[in-house]
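Chemist: Data: start_17.txt, compact mmCIF, C-alpha atoms.
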```txt
# COMPACT_ATOMS: atom_id res chain seq x y z
CA MET S 9 134.69 97.47 2.09
CA ILE S 10 136.52 94.91 -0.07
CA ASP S 11 138.47 97.74 -1.71
CA ILE S 12 139.93 98.55 1.71
CA LEU S 13 140.18 95.01 3.12
CA ILE S 14 142.35 93.39 0.44
CA PRO S 15 145.03 96.13 0.26
CA THR S 16 145.14 96.25 4.06
CA VAL S 17 145.67 92.49 4.33
CA ALA S 18 148.32 92.72 1.60
CA GLN S 19 150.17 95.46 3.49
CA GLY S 20 149.99 93.36 6.65
CA LEU S 21 151.64 90.45 4.84
CA LEU S 22 154.43 92.68 3.49
CA TRP S 23 155.09 94.00 7.00
CA ALA S 24 154.89 90.46 8.42
CA LEU S 25 158.55 89.90 7.48
CA LEU S 26 159.43 92.82 9.74
CA ALA S 27 157.33 91.30 12.52
CA LEU S 28 159.06 87.93 12.10
CA GLY S 29 162.45 89.65 12.32
CA VAL S 30 161.41 91.47 15.49
CA TYR S 31 160.07 88.18 16.89
CA ILE S 32 163.50 86.56 16.55
CA THR S 33 165.21 89.20 18.68
CA PHE S 34 162.35 90.02 21.06
CA ARG S 35 161.12 86.50 21.82
CA VAL S 36 163.73 84.00 20.62
CA LEU S 37 166.87 85.87 21.74
CA ASP S 38 165.15 87.98 24.43
CA ILE S 39 166.91 91.12 23.14
CA ALA S 40 165.42 94.54 22.45
CA ASP S 41 167.05 95.35 19.10
CA LEU S 42 166.45 98.93 17.96
CA SER S 43 168.69 98.60 14.90
CA VAL S 44 165.47 97.52 13.15
CA GLU S 45 164.65 101.20 12.60
CA GLY S 46 167.85 101.51 10.58
CA SER S 47 167.90 98.17 8.76
CA PHE S 48 164.32 98.59 7.47
CA PRO S 49 165.09 101.74 5.43
CA LEU S 50 168.49 100.23 4.59
CA GLY S 51 166.79 97.34 2.80
CA ALA S 52 164.48 99.79 1.05
CA ALA S 53 167.38 102.04 0.02
CA VAL S 54 169.55 99.21 -1.29
CA ALA S 55 166.71 97.56 -3.23
CA ALA S 56 165.47 100.85 -4.70
CA THR S 57 168.95 101.94 -5.72
CA ALA S 58 169.67 98.55 -7.31
CA LEU S 59 166.39 98.64 -9.27
CA VAL S 60 166.91 102.21 -10.47
CA ASN S 61 170.40 101.30 -11.68
CA GLY S 62 169.07 98.44 -13.77
CA TYR S 63 169.82 95.43 -11.58
CA GLY S 64 167.26 92.65 -11.53
CA MET S 65 164.70 92.07 -8.81
CA LEU S 66 166.46 88.99 -7.46
CA ILE S 67 169.74 90.86 -7.14
CA ALA S 68 167.94 93.79 -5.48
CA PHE S 69 166.39 91.50 -2.85
CA PHE S 70 169.67 89.65 -2.37
CA LEU S 71 171.62 92.88 -1.82
CA ALA S 72 168.94 94.16 0.57
CA ALA S 73 169.13 90.98 2.64
CA ILE S 74 172.95 91.11 2.70
CA ALA S 75 172.89 94.76 3.79
CA GLY S 76 170.44 93.97 6.59
CA ALA S 77 172.53 90.98 7.66
CA LEU S 78 175.64 93.17 7.86
CA ALA S 79 173.73 95.63 10.05
CA GLY S 80 172.82 92.75 12.35
CA ILE S 81 176.44 91.64 12.49
CA VAL S 82 177.49 95.15 13.54
CA THR S 83 174.95 95.14 16.36
CA GLY S 84 176.07 91.66 17.38
CA PHE S 85 179.71 92.76 17.38
CA PHE S 86 178.89 95.69 19.64
CA THR S 87 176.97 93.41 21.99
CA THR S 88 179.20 90.33 22.16
CA ARG S 89 182.70 91.67 21.56
CA LEU S 90 182.58 95.20 22.89
CA LYS S 91 180.14 94.24 25.69
CA ILE S 92 177.85 97.16 24.92
CA PRO S 93 174.30 96.54 26.23
CA ALA S 94 172.06 95.21 23.47
CA LEU S 95 169.64 98.13 23.69
CA LEU S 96 172.42 100.71 23.34
CA ALA S 97 174.13 98.66 20.61
CA GLY S 98 170.94 98.72 18.55
CA ILE S 99 170.61 102.48 19.02
CA LEU S 100 174.20 103.02 17.87
CA THR S 101 173.66 100.91 14.76
CA MET S 102 170.37 102.67 14.02
CA ILE S 103 172.01 106.10 14.23
CA GLY S 104 174.93 105.05 12.05
CA LEU S 105 172.65 103.52 9.42
CA TYR S 106 170.92 106.86 8.86
CA SER S 107 174.09 108.20 7.25
CA VAL S 108 174.69 104.90 5.46
CA ASN S 109 171.21 105.06 3.91
CA LEU S 110 171.86 108.59 2.66
CA HIS S 111 175.11 107.44 1.05
CA VAL S 112 173.40 104.43 -0.55
CA MET S 113 170.66 106.52 -2.15
CA GLY S 114 172.73 109.66 -2.67
CA LYS S 115 169.76 111.73 -1.49
CA ALA S 116 166.87 111.60 0.98
CA ASN S 117 164.60 109.46 -1.21
CA VAL S 118 164.55 107.46 -4.42
CA ALA S 119 161.43 107.16 -6.59
CA LEU S 120 160.58 103.92 -8.38
CA LEU S 121 158.40 105.46 -11.08
CA ARG S 122 158.60 103.61 -14.39
CA VAL S 123 160.89 101.03 -12.79
CA ASP S 124 160.11 97.31 -12.94
CA THR S 125 159.34 95.94 -9.47
CA ILE S 126 158.14 92.61 -8.20
CA PHE S 127 154.59 93.99 -8.18
CA SER S 128 154.73 95.15 -11.80
CA TYR S 129 156.11 91.70 -12.64
CA ALA S 130 153.10 90.09 -10.93
CA GLU S 131 150.77 92.45 -12.79
CA SER S 132 152.26 91.24 -16.08
CA PHE S 133 150.40 87.95 -15.49
CA GLY S 134 147.10 89.82 -15.76
CA MET S 135 146.57 90.60 -12.08
CA SER S 136 145.27 93.91 -10.83
CA ALA S 137 147.57 96.02 -8.64
CA THR S 138 145.68 94.98 -5.49
CA VAL S 139 145.70 91.27 -6.30
CA ALA S 140 149.38 91.45 -7.27
CA MET S 141 150.26 92.99 -3.92
CA LEU S 142 148.22 90.36 -2.08
CA THR S 143 149.81 87.53 -4.06
CA VAL S 144 153.34 88.77 -3.43
CA GLY S 145 152.54 89.22 0.26
CA VAL S 146 151.13 85.71 0.64
CA VAL S 147 154.06 84.09 -1.18
CA ALA S 148 156.63 86.08 0.82
CA ALA S 149 155.01 85.45 4.22
CA VAL S 150 154.42 81.73 3.61
CA PHE S 151 157.88 81.13 2.15
CA ILE S 152 159.73 82.97 4.93
CA GLY S 153 157.50 81.42 7.62
CA CYS S 154 158.15 77.88 6.36
CA LEU S 155 161.88 78.61 5.99
CA MET S 156 162.06 79.89 9.58
CA TYR S 157 160.14 76.88 10.88
CA TRP S 158 162.59 74.55 9.15
CA PHE S 159 165.71 76.48 10.18
CA PHE S 160 164.82 76.82 13.86
CA GLY S 161 164.21 73.08 13.97
CA THR S 162 167.80 72.38 12.91
CA GLU S 163 170.70 72.03 15.33
CA ILE S 164 171.87 75.62 14.79
CA GLY S 165 168.35 77.01 15.06
CA THR S 166 167.76 75.08 18.26
CA ALA S 167 171.03 76.45 19.64
CA ILE S 168 169.83 80.01 18.93
CA ARG S 169 166.57 79.30 20.74
CA ALA S 170 168.43 77.73 23.65
CA THR S 171 170.69 80.79 23.88
CA GLY S 172 167.71 83.08 24.25
CA CYS S 173 165.94 80.75 26.66
CA ASN S 174 168.86 80.06 29.02
CA SER S 175 172.30 81.22 27.93
CA GLN S 176 174.09 79.65 30.89
CA MET S 177 172.61 76.22 30.20
CA ALA S 178 173.41 76.62 26.49
CA ARG S 179 177.05 77.38 27.29
CA ALA S 180 177.14 74.35 29.57
CA GLN S 181 176.07 72.24 26.58
CA GLY S 182 178.98 73.59 24.51
CA VAL S 183 177.05 76.23 22.55
CA ASN S 184 178.97 79.36 21.57
CA THR S 185 176.28 81.80 22.75
CA ASN S 186 178.03 84.89 21.38
CA ARG S 187 178.04 83.36 17.92
CA MET S 188 174.38 82.41 18.24
CA ILE S 189 173.45 85.96 19.28
CA VAL S 190 175.25 87.39 16.24
CA LEU S 191 173.59 84.83 13.97
CA GLY S 192 170.16 85.61 15.40
CA LEU S 193 170.66 89.35 14.91
CA LEU S 194 171.92 88.68 11.37
CA ILE S 195 168.79 86.73 10.43
CA SER S 196 166.49 89.21 12.13
CA ASN S 197 167.87 92.27 10.38
CA ALA S 198 168.03 90.45 7.04
CA LEU S 199 164.28 89.76 7.30
CA VAL S 200 163.61 93.36 8.31
CA ALA S 201 165.61 94.62 5.32
CA LEU S 202 163.64 92.31 2.99
CA SER S 203 160.44 93.75 4.40
CA GLY S 204 161.78 97.24 3.73
CA ALA S 205 162.57 96.26 0.14
CA LEU S 206 159.02 94.96 -0.39
CA VAL S 207 157.35 97.97 1.24
CA ALA S 208 159.48 100.39 -0.80
CA GLN S 209 158.44 98.70 -4.05
CA SER S 210 154.82 98.70 -2.89
CA ASN S 211 154.91 102.41 -2.02
CA GLY S 212 156.85 103.33 -5.14
CA PHE S 213 159.73 105.00 -3.31
CA ALA S 214 162.38 104.55 -0.66
CA ASP S 215 162.87 107.27 1.94
CA VAL S 216 165.53 107.71 4.58
CA GLY S 217 162.89 108.36 7.24
CA MET S 218 160.62 105.42 6.50
CA GLY S 219 162.07 103.40 9.39
CA THR S 220 160.72 105.70 12.10
CA GLY S 221 158.48 103.73 14.44
CA THR S 222 159.06 100.36 12.77
CA ILE S 223 160.13 98.72 16.03
CA VAL S 224 156.79 99.68 17.57
CA ILE S 225 154.94 98.29 14.54
CA GLY S 226 156.89 95.04 14.82
CA LEU S 227 156.25 94.75 18.55
CA ALA S 228 152.56 95.51 18.08
CA SER S 229 152.27 92.74 15.48
CA VAL S 230 154.07 90.25 17.73
CA ILE S 231 152.13 91.08 20.89
CA ILE S 232 148.72 91.28 19.20
CA GLY S 233 149.35 87.97 17.45
CA GLU S 234 150.39 86.25 20.68
CA VAL S 235 147.42 87.60 22.63
CA LEU S 236 144.83 86.71 19.98
CA PHE S 237 146.19 83.48 18.49
CA GLY S 238 148.34 81.95 21.25
CA THR S 239 151.86 80.58 21.60
CA LYS S 240 151.36 76.84 22.05
CA SER S 241 154.25 75.86 19.78
CA PHE S 242 156.92 77.52 17.66
CA LYS S 243 154.82 76.94 14.54
CA ASN S 244 151.87 78.52 16.30
CA CYS S 245 154.07 81.50 17.24
CA LEU S 246 155.14 82.10 13.63
CA ILE S 247 151.54 81.93 12.40
CA SER S 248 150.44 84.22 15.22
CA VAL S 249 153.05 86.83 14.30
CA ILE S 250 151.98 86.85 10.65
CA LEU S 251 148.30 87.08 11.58
CA GLY S 252 149.12 89.73 14.18
CA SER S 253 150.69 91.89 11.48
CA ILE S 254 147.49 91.60 9.43
CA VAL S 255 145.28 92.39 12.44
CA TYR S 256 147.41 95.41 13.29
CA ARG S 257 146.99 96.79 9.77
CA LEU S 258 143.25 96.14 9.93
CA VAL S 259 143.00 97.99 13.24
CA ILE S 260 144.91 100.95 11.78
CA ALA S 261 142.62 100.98 8.73
CA VAL S 262 139.52 100.90 10.94
CA VAL S 263 140.61 103.77 13.19
CA LEU S 264 141.53 105.83 10.14
CA GLN S 265 138.09 105.17 8.67
CA LEU S 266 136.55 106.26 11.97
CA GLY S 267 138.25 109.62 11.61
CA MET S 268 141.44 109.39 13.64
CA PRO S 269 144.01 111.97 12.43
CA PRO S 270 147.05 110.28 10.82
CA ASN S 271 149.32 112.31 13.12
CA ASP S 272 147.94 110.33 16.08
CA LEU S 273 148.75 106.90 14.65
CA LYS S 274 152.10 106.55 16.44
CA LEU S 275 150.48 107.45 19.77
CA PHE S 276 147.66 105.00 19.11
CA THR S 277 150.14 102.25 18.26
CA ALA S 278 152.14 102.88 21.44
CA LEU S 279 148.97 102.70 23.55
CA LEU S 280 147.88 99.55 21.69
CA VAL S 281 151.21 97.84 22.41
CA ALA S 282 151.08 98.89 26.06
CA LEU S 283 147.55 97.48 26.35
CA ALA S 284 148.53 94.21 24.65
CA LEU S 285 151.58 93.81 26.91
CA SER S 286 149.46 94.38 30.00
CA MET S 287 146.76 91.89 28.94
CA PRO S 288 148.24 88.92 30.88
CA LEU S 289 148.30 91.00 34.06
CA ILE S 290 144.78 92.30 33.45
CA ARG S 291 143.54 88.75 32.82
CA GLU S 292 145.24 87.49 35.99
CA LYS S 293 143.73 90.28 38.11
CA TRP S 294 140.31 89.64 36.61
CA LEU S 295 140.49 85.90 37.29
CA GLU S 296 141.67 86.55 40.85
CA ARG S 297 138.74 88.88 41.42
CA GLN S 298 136.37 86.25 40.00
CA ARG S 299 137.75 83.62 42.39
CA ARG S 300 137.31 85.93 45.35
CA ALA S 301 133.76 86.71 44.28
```
Just dump the structure as structure tokens.
Modeler:
Amino acid sequence: MIDILIPTVAQGLLWALLALGVYITFRVLDIADLSVEGSFPLGAAVAATALVNGYGMLIAFFLAAIAGALAGIVTGFFTTRLKIPALLAGILTMIGLYSVNLHVMGKANVALLRVDTIFSYAESFGMSATVAMLTVGVVAAVFIGCLMYWFFGTEIGTAIRATGCNSQMARAQGVNTNRMIVLGLLISNALVALSGALVAQSNGFADVGMGTGTIVIGLASVIIGEVLFGTKSFKNCLISVILGSIVYRLVIAVVLQLGMPPNDLKLFTALLVALALSMPLIREKWLERQRRA
């Protein structure tokens, strides 16, 4: 059981950066950003290509974050300047990034065999592969979570939150809401790209199709975390998202152990997200029925 639990928790922590990025657009900005499905493999492609070509790990992560941020800026430009609806803007960016990812890698996938990654670096300290993945996941999730908590408590971070909460009131207070939307999308996609870079190094390859369904995974992590762990404060929300990513991975591991075919995972995830989203309504109906009884 431990042999399955630790790697599953580690994977949940690596994917938590994706969930945090989705949380920024879905909850903070109140925007459905589908460019996530393009920026996730973009981060993986950029990091893998940089590592294969002999660049260091820090440069690989830096380039992945910059690439994701540029993808977010493109989506923000479509939304704020060209007045394209946010949902359609994300779809356009996602479609365009498919070709960009192919150009970055030069082919459909890039293997990281016999290439130094952040996990092999952690293993050089005497850790096993599983413990190394868990350690990297914990450090990444805690560091990014603390950084987000600090940033969104600053004046700029508060302006981004105000833009998503009430854009008209934010404009009345002198906030450039268009700039805040672009900045929020930039940060979100940068985090998603970093998650892609970590997952690619964990899997040992980067593939152009590895972003399929990532928006559903991110939403599932966010919704499950909010339902199970609450949203009393912004700090509580960040912790809930990270824990939600872990719980989602644990649920997937359990259903696979119970014999669910891997081909049905996307359908199961979609149903799980639908159920989690409907939980407030179900709870309200149940409480109303209890009062009537």
Chemist: My list of candidates is S:Leu90, S:Leu78, S:Ala40, S:Ala261. Which is closest to Thr16 of chain S when distances are computed with only C-alpha atoms?
Modeler: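 Ranked by minimum distance to Thr16 of chain S, first place goes to S:Ala261.
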Chemist: What gap, in Å, lies between atom CA of Val108 of chain S and atom CA of Ile39 of chain S?
Modeler: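 Computing it gives 23.7 Å between the two atoms.
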Chemist: Of the residues S:Ser128, S:Tyr157, S:Asp215, S:Cys173, which is the one nearest to Met113 of chain S, using only C-alpha atoms?
Modeler: S:Asp215
Chemist: Between S:Val235, S:Leu95, S:Ala228, S:Ile223, which is the closest to Leu289 of chain S once you count all atoms listed in the file?
Modeler: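 Answer, going by the shortest atom-to-atom distance: S:Val235.
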Chemist: Choose the residue, out of S:Val17, S:Ala52, S:Ile81, S:Val263, that has the smallest atom-to-atom separation from Ser203 of chain S; count all atoms listed in the file.
Modeler: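 Result for the nearest residue to Ser203 of chain S: S:Ala52.
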Chemist: Taking (172.9, 81.3, 21.0) as a centre in this file's frame and 7 Å as the limit, can you find every polymer residue with an atom that close, using all atoms listed in the file, and give them as an NGL selection string?
Modeler: :S and (167-172 or 175 or 183-189)
Chemist: Give me the residues within 12 Å of Leu275 of chain S as a list of chain:residue names, counting only C-alpha atoms and dropping any in the same chain fewer than 5 places off.
Modeler: S:Gly221, S:Val224, S:Ile225, S:Ile260, S:Met268, S:Pro269, S:Pro270, S:Leu280, S:Val281, S:Ala282
Chemist: May I have the selected residues written with C-alpha atoms, as a JSON list (two decimals), in the coordinates of the input?
Modeler:
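Saved the output as out.json:
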```json
[["chain", "number", "residue", "atom", "x", "y", "z"],
["S", 221, "GLY", "CA", 158.48, 103.73, 14.44],
["S", 224, "VAL", "CA", 156.79, 99.68, 17.57],
["S", 225, "ILE", "CA", 154.94, 98.29, 14.54],
["S", 260, "ILE", "CA", 144.91, 100.95, 11.78],
["S", 268, "MET", "CA", 141.44, 109.39, 13.64],
["S", 269, "PRO", "CA", 144.01, 111.97, 12.43],
["S", 270, "PRO", "CA", 147.05, 110.28, 10.82],
["S", 280, "LEU", "CA", 147.88, 99.55, 21.69],
["S", 281, "VAL", "CA", 151.21, 97.84, 22.41],
["S", 282, "ALA", "CA", 151.08, 98.89, 26.06]]
```
Chemist: Select, from S:Ala130, S:Leu194, S:Val207, S:Ala284, the residue with the minimum atom-to-atom distance to Gly233 of chain S, counting all atoms listed in the file.
Modeler: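 That would be S:Ala284, the residue with the smallest distance to Gly233 of chain S.
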Chemist: Using all atoms listed in the file for the distances, tell me which of S:Gly238, S:Pro49, S:Phe85, S:Glu163 is nearest to Leu110 of chain S.
Modeler: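 Ranked by minimum distance to Leu110 of chain S, first place goes to S:Pro49.
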Chemist: Report, as JSON, the centre and edge lengths in Å (one decimal) of the axis-aligned box enclosing every listed atom of segment 70-74 of chain S, padded by 8 Å on each side.
Modeler:
```
{"center_x": 170.9, "center_y": 91.9, "center_z": 0.2, "size_x": 20.0, "size_y": 20.5, "size_z": 21.1}
```
Chemist: Per residue of segment 195-277 of chain S within 7 Å of segment 29-34 of chain S, what are the shortest atom pair and its distance in Å to one decimal, counting only C-alpha atoms, with rows by chain and residue number, as CSV?
Modeler:
```
residue,atom,partner,partner_atom,distance
S:Ser196,CA,S:Gly29,CA,4.1
S:Asn197,CA,S:Gly29,CA,6.3
S:Leu199,CA,S:Gly29,CA,5.3
S:Val200,CA,S:Gly29,CA,5.6
S:Gly226,CA,S:Val30,CA,5.8
S:Leu227,CA,S:Val30,CA,6.8
S:Val230,CA,S:Tyr31,CA,6.4
```
Chemist: For a test of reading the model, state the distance in Å between atom CA of Glu234 of chain S and atom CA of Tyr256 of chain S, rounded to one decimal.
Modeler: 12.1 Å
Chemist: Which residues, protein or nucleic acid, reach to within 8 Å of (167.9, 99.1, 15.5) in the file's coordinates when using only C-alpha atoms, and can you give that as a PyMOL selection string?
Modeler: chain S and resi 41-47+98-102+223
